[in-house]
Structures are given as C-alpha cells and as structure tokens.
>>> print(open('input33.txt').read())   # compact mmCIF, C-alpha atoms
# COMPACT_ATOMS: atom_id res chain seq x y z
CA MET E 78 -6.37 36.98 6.25
CA ASP E 79 -5.53 36.25 9.92
CA ILE E 80 -2.88 33.74 10.98
CA VAL E 81 -5.40 31.02 11.95
CA GLU E 82 -7.05 30.99 8.52
CA LYS E 83 -3.66 31.15 6.78
CA VAL E 84 -2.23 28.22 8.76
CA TYR E 85 -5.39 26.16 8.19
CA LYS E 86 -5.35 26.78 4.43
CA GLU E 87 -1.64 25.92 4.24
CA GLY E 88 -2.32 22.68 6.11
CA ILE E 89 -5.10 21.67 3.73
CA LEU E 90 -2.88 22.50 0.71
CA LYS E 91 -0.04 20.33 2.08
CA LEU E 92 -2.50 17.47 2.61
CA LYS E 93 -3.83 17.74 -0.94
CA GLU E 94 -0.33 17.88 -2.47
CA ASN E 95 1.27 15.05 -0.52
CA ILE E 96 -1.36 12.32 -0.06
CA PRO E 97 -1.47 11.22 -3.77
CA GLN E 98 2.34 11.29 -4.01
CA ILE E 99 2.73 9.12 -0.90
CA ILE E 100 0.18 6.61 -2.19
CA ILE E 101 1.87 6.39 -5.63
CA ASN E 102 5.34 6.03 -4.08
CA LEU E 103 4.12 3.29 -1.75
CA VAL E 104 2.43 1.46 -4.64
CA VAL E 105 5.67 1.65 -6.67
CA ALA E 106 7.70 0.41 -3.66
CA GLY E 107 5.24 -2.47 -3.32
CA LEU E 108 5.56 -3.29 -7.03
CA ILE E 109 9.38 -3.23 -6.90
CA TRP E 110 9.27 -5.49 -3.84
CA ALA E 111 6.73 -7.86 -5.44
CA PHE E 112 8.63 -8.10 -8.75
CA GLY E 113 11.89 -8.63 -6.89
CA ILE E 114 10.77 -11.22 -4.37
CA LEU E 115 8.19 -13.05 -6.49
CA VAL E 116 9.67 -12.85 -10.02
CA PHE E 117 13.37 -11.98 -10.31
CA ILE E 118 14.86 -13.80 -7.29
CA PRO E 119 13.02 -17.10 -8.06
CA ILE E 120 14.27 -16.80 -11.67
CA ALA E 121 17.83 -16.42 -10.36
CA ASP E 122 17.22 -19.62 -8.38
CA MET E 123 15.88 -21.33 -11.50
CA LEU E 124 19.07 -20.37 -13.35
CA GLY E 125 21.03 -22.17 -10.62
CA ASN E 126 22.33 -18.92 -9.04
CA PRO E 127 25.57 -18.90 -11.10
CA TYR E 128 28.71 -16.98 -10.11
CA LEU E 129 29.53 -13.97 -12.31
CA PHE E 130 33.23 -13.61 -13.24
CA GLY E 131 34.03 -15.76 -10.19
CA LEU E 132 33.14 -12.87 -7.88
CA THR E 133 29.58 -13.12 -6.62
CA ALA E 134 26.36 -15.01 -7.27
CA VAL E 135 23.42 -13.48 -9.18
CA LYS E 136 20.97 -13.54 -6.27
CA PRO E 137 22.84 -11.07 -4.01
CA ILE E 138 23.33 -8.71 -6.99
CA ILE E 139 19.59 -8.70 -7.77
CA SER E 140 18.78 -8.27 -4.06
CA ALA E 141 21.17 -5.32 -3.87
CA ILE E 142 19.63 -3.64 -6.96
CA ILE E 143 16.11 -4.08 -5.54
CA ALA E 144 17.23 -2.83 -2.12
CA ILE E 145 18.79 0.33 -3.66
CA ALA E 146 15.61 1.05 -5.67
CA LEU E 147 13.47 0.51 -2.56
CA ILE E 148 15.69 2.83 -0.50
CA ILE E 149 15.36 5.60 -3.14
CA VAL E 150 11.55 5.28 -3.25
CA LEU E 151 11.23 5.07 0.54
CA LEU E 152 13.41 8.19 0.97
CA ARG E 153 10.95 10.03 -1.29
CA VAL E 154 8.08 8.69 0.85
CA THR E 155 9.88 9.98 3.97
CA LYS E 156 10.15 13.50 2.51
CA ASP E 157 6.50 13.58 1.40
CA PHE E 158 5.28 12.04 4.65
CA GLY E 159 7.16 14.68 6.66
CA GLU E 160 5.46 17.46 4.67
CA LEU E 161 2.08 15.74 5.08
CA MET E 162 2.58 15.60 8.84
CA ASP E 163 3.45 19.34 8.81
CA GLY E 164 0.05 19.94 7.20
CA ILE E 165 -1.71 17.72 9.76
CA ALA E 166 0.16 19.52 12.56
CA ASP E 167 -1.07 22.88 11.20
CA ILE E 168 -4.68 21.68 11.11
CA ILE E 169 -4.49 20.13 14.60
CA ALA E 170 -2.92 23.32 15.96
CA VAL E 171 -5.71 25.45 14.51
CA LYS E 172 -8.43 23.08 15.73
CA LEU E 173 -6.96 22.66 19.23
CA ALA E 174 -5.49 26.07 19.97
CA GLY E 175 -7.71 28.23 17.73
CA SER E 176 -6.76 31.89 18.11
CA ARG E 177 -3.96 30.99 20.61
CA VAL E 178 -1.91 29.45 17.81
CA ASN E 179 1.60 30.86 17.35
CA GLU E 180 4.88 30.00 15.62
CA GLU E 181 6.36 28.27 18.66
CA LYS E 182 3.35 25.97 19.06
CA LEU E 183 3.35 25.17 15.35
CA LYS E 184 7.05 24.28 15.48
CA ARG E 185 6.47 21.96 18.46
CA TYR E 186 3.54 20.22 16.81
CA ARG E 187 5.42 19.83 13.54
CA ARG E 188 8.47 18.37 15.29
CA GLY E 189 6.34 15.86 17.21
CA LEU E 190 4.31 14.72 14.20
CA ARG E 191 7.38 14.56 11.95
CA GLY E 192 8.86 12.14 14.49
CA LEU E 193 5.71 10.04 14.14
CA ALA E 194 5.97 10.21 10.32
CA TYR E 195 9.59 9.01 10.34
CA LEU E 196 8.63 6.17 12.70
CA ILE E 197 5.78 5.05 10.39
CA VAL E 198 8.09 5.12 7.34
CA ALA E 199 10.75 3.17 9.29
CA ILE E 200 8.16 0.51 10.19
CA ILE E 201 7.01 0.28 6.52
CA ALA E 202 10.66 0.03 5.41
CA TYR E 203 11.26 -2.68 8.03
CA LEU E 204 8.33 -4.70 6.66
CA PHE E 205 9.70 -4.32 3.11
CA PHE E 206 13.24 -5.34 4.04
CA LEU E 207 12.25 -8.11 6.49
CA PRO E 208 12.70 -10.96 3.96
CA VAL E 209 16.14 -9.60 2.99
CA ILE E 210 17.29 -8.97 6.59
CA SER E 211 16.04 -12.31 7.92
CA GLY E 212 17.77 -13.90 4.91
CA ILE E 213 21.08 -12.43 6.14
CA THR E 214 20.52 -13.27 9.82
CA PRO E 215 17.29 -13.50 11.89
CA VAL E 216 19.11 -11.98 14.91
CA LEU E 217 19.59 -8.69 13.02
CA ALA E 218 15.83 -8.53 12.27
CA GLY E 219 15.12 -8.99 15.99
CA ILE E 220 17.60 -6.29 17.05
CA ILE E 221 16.11 -3.80 14.54
CA LEU E 222 12.60 -4.64 15.81
CA ILE E 223 13.66 -3.92 19.41
CA ILE E 224 15.17 -0.57 18.33
CA LEU E 225 11.92 0.28 16.50
CA VAL E 226 9.82 -0.54 19.58
CA ILE E 227 11.99 1.69 21.82
CA TRP E 228 11.84 4.50 19.23
CA ALA E 229 8.03 4.14 18.97
CA VAL E 230 7.63 4.43 22.76
CA VAL E 231 9.84 7.57 22.89
CA VAL E 232 7.96 9.22 19.98
CA LEU E 233 4.53 8.43 21.47
CA ILE E 234 5.56 9.81 24.88
CA ASN E 235 6.79 13.01 23.17
CA ILE E 236 3.51 13.41 21.28
CA GLY E 237 1.57 12.79 24.48
CA HIS E 238 3.54 15.60 26.21
CA ILE E 239 2.85 18.02 23.35
CA PHE E 240 -0.89 17.47 23.42
CA SER E 241 -1.14 17.27 27.22
CA GLU E 242 0.24 20.84 27.46
CA GLU E 243 -2.41 22.06 25.03
CA ILE E 244 -5.19 20.18 26.85
CA GLU E 245 -4.01 21.63 30.18
CA GLU E 246 -4.15 25.14 28.71
CA GLY E 247 -7.64 24.47 27.33
CA VAL E 248 -8.85 23.17 30.72
CA ARG E 249 -7.34 26.23 32.48
CA ILE E 250 -9.23 28.58 30.15
CA ALA E 251 -12.46 26.60 30.55
CA THR E 252 -12.25 26.65 34.39
CA LYS E 253 -11.51 30.37 34.29
CA LYS E 254 -14.64 30.94 32.24
CA LEU E 255 -16.65 28.75 34.60
CA GLU E 256 -15.40 30.71 37.64
CA GLU E 257 -16.35 33.98 35.96
CA ALA E 258 -19.82 32.66 35.18
CA LEU E 259 -20.22 31.46 38.79
CA GLU E 260 -19.11 34.85 40.14
CA LYS E 261 -21.62 36.58 37.90
CA SER E 262 -24.45 34.34 39.02
CA VAL E 263 -23.53 34.84 42.72
CA LYS E 264 -23.50 38.63 42.24
CA LYS E 265 -26.89 38.44 40.51
CA GLU E 266 -28.34 36.47 43.45
CA GLU E 267 -26.89 38.96 45.94
CA ASN E 268 -28.45 41.89 44.07
CA GLU E 269 -31.84 40.19 44.01
CA MET X 196 -3.34 9.76 -28.06
CA ARG X 197 -3.43 11.56 -24.74
CA HIS X 198 -1.58 9.23 -22.39
CA LYS X 199 0.79 7.67 -24.90
CA LYS X 200 3.85 7.67 -22.62
CA LEU X 201 1.94 6.01 -19.81
CA LEU X 202 0.75 3.20 -22.07
CA ILE X 203 4.25 2.73 -23.54
CA ASN X 204 5.69 2.45 -20.02
CA ILE X 205 3.06 -0.09 -18.95
CA PHE X 206 3.68 -2.12 -22.11
CA LEU X 207 7.49 -2.02 -21.68
CA LEU X 208 7.27 -3.00 -18.01
CA SER X 209 5.09 -6.01 -18.76
CA PHE X 210 7.42 -6.88 -21.65
CA TRP X 211 10.55 -6.90 -19.42
CA VAL X 212 8.80 -8.98 -16.74
CA PHE X 213 7.49 -11.40 -19.37
CA LEU X 214 10.98 -11.70 -20.89
CA ALA X 215 12.46 -12.41 -17.46
CA TYR X 216 9.75 -14.96 -16.70
CA LEU X 217 10.50 -16.86 -19.91
CA LEU X 218 14.31 -16.60 -19.51
CA PRO X 219 14.90 -20.10 -18.01
CA TYR X 220 12.84 -21.68 -20.81
CA TYR X 221 14.65 -20.11 -23.76
CA LEU X 222 17.99 -20.63 -22.07
CA PHE X 223 17.06 -24.30 -21.91
CA ILE X 224 16.73 -24.27 -25.71
CA PHE X 225 19.99 -22.32 -26.19
CA LYS X 226 21.83 -24.92 -24.09
CA TYR X 227 21.69 -27.29 -27.08
CA PHE X 228 23.80 -24.82 -29.09
CA GLU X 229 26.40 -24.35 -26.34
CA ASN X 230 28.95 -26.57 -28.10
CA TYR X 231 28.61 -24.66 -31.39
CA PHE X 232 28.92 -21.16 -29.90
CA MET X 233 31.48 -22.11 -27.19
CA VAL X 234 29.86 -19.84 -24.58
CA ASP X 235 28.31 -20.48 -21.17
CA PHE X 236 24.67 -19.54 -21.67
CA LYS X 237 24.00 -19.72 -17.91
CA LYS X 238 26.30 -16.76 -17.30
CA ILE X 239 24.87 -14.83 -20.24
CA GLY X 240 21.37 -15.53 -18.85
CA ALA X 241 22.44 -14.26 -15.43
CA ILE X 242 23.81 -11.00 -16.91
CA PHE X 243 20.64 -10.64 -19.01
CA LEU X 244 18.52 -11.13 -15.87
CA ILE X 245 20.40 -8.33 -14.07
CA VAL X 246 19.87 -6.04 -17.09
CA LEU X 247 16.15 -6.93 -17.08
CA VAL X 248 15.86 -6.11 -13.35
CA ILE X 249 17.46 -2.69 -13.93
CA LEU X 250 15.22 -2.01 -16.95
CA ALA X 251 12.07 -3.02 -15.02
CA ILE X 252 12.96 -0.75 -12.10
CA ILE X 253 13.74 2.20 -14.41
CA ASN X 254 10.40 1.62 -16.14
CA LEU X 255 8.58 1.52 -12.83
CA LEU X 256 10.13 4.86 -11.84
CA LEU X 257 9.17 6.37 -15.23
CA LEU X 258 5.66 5.03 -14.74
CA LEU X 259 5.56 6.71 -11.34
CA ARG X 260 6.53 10.04 -12.93
CA GLU X 261 3.79 9.71 -15.58
CA ILE X 262 1.13 8.84 -12.99
CA LYS X 263 2.21 11.85 -10.92
CA LYS X 264 1.74 14.09 -13.97
CA LEU X 265 -1.67 12.54 -14.59
CA ILE X 266 -2.76 13.15 -11.00
CA LYS X 267 -1.54 16.77 -11.13
CA GLU X 268 -3.60 17.24 -14.30
CA PHE X 269 -6.58 15.64 -12.61
CA LEU X 270 -6.32 17.79 -9.47
>>> encode(input="input33.txt", output="structure tokens")
Amino acid sequence: MDIVEKVYKEGILKLKENIPQIIINLVVAGLIWAFGILVFIPIADMLGNPYLFGLTAVKPIISAIIAIALIIVLLRVTKDFGELMDGIADIIAVKLAGSRVNEEKLKRYRRGLRGLAYLIVAIIAYLFFLPVISGITPVLAGIILIILVIWAVVVLINIGHIFSEEIEEGVRIATKKLEEALEKSVKKEENE
Amino acid sequence: MRHKKLLINIFLLSFWVFLAYLLPYYLFIFKYFENYFMVDFKKIGAIFLIVLVILAIINLLLLLREIKKLIKEFL
C-alpha cells in the first residue's frame, strides 16, 4: 500500500470514528444546557432562590454545576473535533497534492485545520455560555466576542496561506506541462 | 432485553426531571407541616434540587456512554 492510499484510508477511518461521537456529545451538551436553563434554574427561582447555610444562593450553585458539566462535555467535543479535522486534513492533502503528499505537508494541513476546529468549538461554547456570561456582565460577553472575531480572522488567514501554497504548486506544475505540450507541438510543426 | 441499561437511564432521567419539576408543588404542601417538624422546607427543597441536578447530569453522561456503545455496535 503506497502512502497516498494509506493516508486516505486513515482519513476516512478518523471521519467514521469521530462524527457520531461529536454529534452525541453535542446533543448531550444541548440537553444539559436545556435542562439547566429551562428547568432547573426556573425551579430555583420558584423556590425563592434561598441562601444555603448563609453562604450562597441556590441559583449560582446550579449554574456552576451546569457550567462544569458543559465544560467537561465540550472538552470531549474539542478532542474529537481535533481528530476529525486531522482526518479531513488527510483527505484534503491526498485530493489536492496527490502523489506529492508528504509528512511535512500533512503536518501543516493538520495544524491549520485543528486551529479551525478549536475555533468552531470555542464559538459553540460561547453560544452555550452566553446566557451565563451576559448574566454576570454584558461587557464580558462583548469582550469575548471581540477576541473570538480576531482569532477567527487569524485562523482563516493561516488556512488561506496553507492552501494558497498548494494551489501555487499545482499551477506551476500545470504551466510546466502546458509549456512542454507547446514545445512538442512547435517541434512537430517544424518537422512537417 | 437487549438495551436494558439504555431504557433504565432514559427512565431515570425523566424521573429526576419530573421530580424537580414537581418540587415547588410538593414543597407547598409540606409547608403546612413546618411547625410540626420544626425545619425550613425551603432550604431542604433547595438542597434536594441541587442533588436532582447532579443526578440528572450523571444520568445524561451515562446515557451518552450507552448510546456510544449502541453506535459502535451498529457500525
């Protein structure tokens, strides 16, 4: 088995392994969020949000428990999403570079797409935590959003650079082939 | 039964959520006995709610594990 076929098969395997896990983890995160925001926190309100042992109210305790559970699930999603992006990077590398694929290119692709994966998970996490953060202070939500936008721009520029190099190489090879074909046709005309 | 654990987890999860949903209503009834038992039922209800939240989250995570097993079997 040559390296191209091996990389492609590995990529497909990573895709098959990680997609169902990501979907299940996201569904569970959604359920935790929905139960927390729509069921448990309103019940704490209905109870009159009493103070426990004179220390803290019930609502922040429930919010903290839900936040911890969400963080655990979202960390799992991050790990699986990173592996999924490795698989996608492998497939893209094989499709774009073909026989020119090597370890260095694979590493570059994986790094770029992993950055994109982390950004997507951060945006999903931001959407989950938005009610909690804006409950603390709306300014904090705005600052985090600005940081996310800057991070997104940096990641997209990086990915653009990675693929532009590959496209440049592809164009160079194509023009070389075209020149060779032109030379051949010119020689043929001269002979005739 | 093949997926016994999955069904038990789904049943338990809905049970905890149902119990939490009804909590303010049965606390309302218990309030009438507050003078006999000499306890603050509001605080007990709050602690019970926290326990229910933890149980529901644990059940959700167990449910996740069972579904993962099911999907592995399926694939």
>>> interface_residues(input="input33.txt", of="chain E", to="chain X", cutoff="12 Å", atoms="all atoms listed in the file", output="NGL selection string")
:E and (90 or 93-131 or 133-147 or 149-150 or 153)
>>> atom_distance(input="input33.txt", atom1="CA of Lys86 (chain E)", atom2="CA of Phe158 (chain E)")
18.2 Å
>>> atom_distance(input="input33.txt", atom1="CA of Asp157 (chain E)", atom2="CA of Ala202 (chain E)")
14.7 Å
>>> atom_distance(input="input33.txt", atom1="CA of Ile168 (chain E)", atom2="CA of Tyr85 (chain E)")
5.4 Å
>>> residues_around(input="input33.txt", residues="Ser176 (chain E)", least_positions_apart="2", cutoff="10 Å", atoms="only C-alpha atoms", output="number ranges by chain")
E: 79-82, 170-174, 178-179
>>> closest_residue(input="input33.txt", among="X:Tyr231, X:Asn254, X:Phe269, X:Ile224", to="Lys200 (chain X)", atoms="only C-alpha atoms")
X:Asn254
